[in-house]
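Take a look at the structure below.
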Amino acid sequence: MAKEVVMPALSPSMTEGTVVKWLKKEGDEVKQGEVIAEVETDKATMDLESFDSGILKKIIYGPGSKVAVNTLIAVLGAKDEVIDPSMFAVKAPAPAAKAEVNKPAPLVAAPAKSALPSTVSSPISRANGRVKASPLAKKIAAEMGLSVSYMTGTGPGGRVVKRDVFASKSGANGSGGWGIYPSGPIAKDERIALSNMRQTIGRRLQESKSQIPHFYLEVEVDVESMLEMRVSLNKSFESLPQPFKLSPNDFVLKAVAEALRKVPTVNSSYEGDTIRQFGNVGLAFAVAIPNGLITPVIQEAQNKNLKQIADEVKALASRAREGKLKPEEYTTGTFTVSNLGMYGVDRFQAIVNPPQAAILAVGAALKKPIVNKHDQVVMGQRMSLTLSCDHRVVDGAVGAEFLAELKRLLETPALLLI
């Protein structure tokens with residue numbers, strides 16, 4: 001008996017999906033639980049598993065088709081079964097801005113179009129449309145007022161490294177020296193269709209800024225002790241059978257989890273006539289991916305030590321960039337951390353990620369003159385932390401209490417090892 005394959009809801013907010021590619025062709029045998037296609041949702045590109053077994057008799061929507069949830073996209077049947085052609089009629093056409101979107105894409109052998117926008121050809125090596133450059137190279141270039149976009153990378157895999165930035169300063173790296181770049185258009189004039197993810201990001205952020213009463217609190221943290229501890233710990237870890245390294249962001253995430261334990265009101269959600277205060281910390285952290293942004297979640301972060309958090313960050317971020325996160329790994333956050341310090345950004349204000357009540361923006365750790373307790377001007381290391389709050393849930397005093405606890409933990413990093 002013929003069995004329908006429909007576009008499933010692969011995330012709670014998904015209303016439609018785009019067929020990226022079919023992993024089976026018509027006439028192939030399909031087993032229950034087998035991955036038969038890849039589908040781009042509003043969050044990531046995910047595997048579509050078959051709920052039934054049989055022969056793939058008909059593919060209705062080909063690669064590139066945008067299809068509404070619960071729309072018939074393929075038909076399974078027995079080997080010698082003749083399928084009634086009326087089954088192939090579109091039963092639930094996908095909503096779209098243009099009428100032609102609902103038409104099934106031609107089933108040809110040509111590969112599906114990439115979801116990434118076109119980029120200008122240049123001598124540098126790119127990965128997923130982005131410049132491959134070391135964090136140090138990006139930081140030095142930013143301080144010099146240069147862009148790594150026109151630099152030729154001489155590091156591993158064509159990566160732009162520190163020496164390339166200094167070579168660019170003198171004009172020996174194809175950039176023409178300080179502030180001089182090739183003339184002409186930076187890209188061809190074109191319209192790039194929004195991916196499902198980019199549409200969702202735009203819609204949710206617009207709703208957040210227009211419906212949530214934001215206010216912002218900022219504090220500057222002395223991170224010299226934290227950075228020194230990180231260097232010391234990483235050096236000691238080198239002798240382990242399985243060496244690993246901690247990043248500054250790992251310390252921040254651990255401190256946030258502990259601060260939320262101390263000030264649980266910030267770990268809440270506005271739900272109309274009630275405020276839901278969560279018993280566990282679903283600590284989300286922002287990860288940039290080719291089509292936008294996604295926030296993987298460290299579950300029960302308050303119960304995990306520094307290394308466990310570091311390990312989960314690496315694993316989740318890797319799966320996020322590969323589009324392999326499960327819905328429960330990015331939809332269950334109760335608080336979000338967005339760190340742009342690694343890109344050399346000093347400070348910024350993030351937009352609250354609903355239904356969460358707050359988000360922390362983390363800037364770069366900067367060397368700067370400071371006045372010590374003896375009223376002497378010395379060099380120190382400072383990091384800016386900005387808390388964006390939903391005023392319906394978090395009052396100013398509560399937000400300030402949370403930041404004070406976070407500052408205390410980061411300035412006394414030994415507390416994070418207890």
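Every chain in the structure tokens takes a letter, A first, then B, and so on in the order presented; its residues are numbered from 1, and the ligands are numbered from 1 following the presented order.
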
Counting only C-alpha atoms, which residues in stretch 271-368 of chain A sit no more than 10 Å from stretch 414-417 of chain A? For each one, give the nearest pair of atoms and the distance in Å, sorted by chain then residue number, as CSV.
residue,atom,partner,partner_atom,distance
A:Asn305,CA,A:Leu417,CA,7.3
A:Leu306,CA,A:Leu417,CA,7.1
A:Lys307,CA,A:Leu417,CA,9.7

* **All residues 9 Å or closer to stretch 323-329 of chain A, only C-alpha atoms, same chain fewer than 3 positions away omitted, as a list in words** => Leu10, Ser11, Pro12, Glu40, Lys43, Ala44, Thr45, Met46, Asp47, Ile289, Thr295, Pro296, Val297, Ile298, Gln299, Leu316, Ser318, Arg319, Ala320, Thr332 and Gly333 of chain A

Closest atom pairs, stretch 134-253 of chain A residues within 7 Å of stretch 383-388 of chain A, only C-alpha atoms, as a tab-separated table:
residue	atom	partner	partner_atom	distance
A:His214	CA	A:Ser388	CA	6.4
A:Phe215	CA	A:Ser388	CA	5.8
A:Tyr216	CA	A:Ser388	CA	4.7
A:Leu217	CA	A:Leu387	CA	5.1
A:Glu218	CA	A:Thr386	CA	4.3
A:Val219	CA	A:Leu385	CA	5.4
A:Glu220	CA	A:Ser384	CA	4.6
A:Val221	CA	A:Met383	CA	5.2
A:Asp222	CA	A:Met383	CA	6.6
A:Val223	CA	A:Met383	CA	6.6

* Contacts of stretch 257-263 of chain A within 7 Å, only C-alpha atoms, excl. fewer than 3 positions in-chain, as a ChimeraX atom specification -> /A:253-254,266-267,281,301-302,402,405-406

Using C-alpha atoms, can you export the residues from the last selection as a PDB file, in the first residue's frame?
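Result file is again_13.pdb:
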ATOM      1  CA  LEU A 253      30.252  30.617  30.356  1.00  0.00           C
ATOM      2  CA  LYS A 254      31.127  28.855  33.603  1.00  0.00           C
ATOM      3  CA  VAL A 266      17.617  36.453  35.462  1.00  0.00           C
ATOM      4  CA  ASN A 267      17.165  32.824  34.391  1.00  0.00           C
ATOM      5  CA  VAL A 281      20.354  26.694  33.336  1.00  0.00           C
ATOM      6  CA  ALA A 301      25.187  24.144  32.887  1.00  0.00           C
ATOM      7  CA  GLN A 302      25.083  24.935  36.607  1.00  0.00           C
ATOM      8  CA  PHE A 402      23.769  39.505  38.503  1.00  0.00           C
ATOM      9  CA  GLU A 405      28.260  38.394  40.969  1.00  0.00           C
ATOM     10  CA  LEU A 406      29.589  37.679  37.474  1.00  0.00           C
TER      11      LEU A 406
END

* Hey, what does DSSP flag as alpha helix (DSSP H) within stretch 171-394 of chain A? Can you give it to me as a ChimeraX atom specification? -> /A:196-211,224-237,248-262,306-322

* **Residue set, stretch 153-396 of chain A restricted to strand (DSSP E or B), as a PyMOL selection string** => chain A and resi 160+214-222+268-270+275-277+283-285+287-289+292-294+297-298+335-339+356+358-371+377-390

* **Long-range neighbours of stretch 224-226 of chain A as JSON, numbers by chain, 9 Å cut-off, only C-alpha atoms, 2 positions minimum in chain** => {"A": [222, 228, 229, 230, 231, 248, 251, 365, 380, 381, 382, 410, 411, 412, 413, 414]}

How would the residues just picked look written out with C-alpha atoms as a compact mmCIF listing (two decimals), in the first residue's frame?
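Produced file selection.txt, reproduced below:
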# COMPACT_ATOMS: atom_id res chain seq x y z
CA ASP A 222 39.49 42.95 35.46
CA GLU A 228 46.90 34.19 33.75
CA MET A 229 45.07 31.17 35.21
CA ARG A 230 44.03 30.09 31.73
CA VAL A 231 47.65 30.16 30.51
CA PRO A 248 38.47 32.77 27.72
CA PHE A 251 35.57 30.85 31.78
CA ALA A 365 39.95 41.53 26.65
CA GLY A 380 45.76 46.11 33.11
CA GLN A 381 43.45 43.75 31.20
CA ARG A 382 39.79 44.73 31.01
CA LEU A 410 35.71 36.40 36.83
CA GLU A 411 38.00 38.55 38.97
CA THR A 412 38.45 35.66 41.43
CA PRO A 413 38.69 32.79 38.90
CA ALA A 414 39.76 30.21 41.51
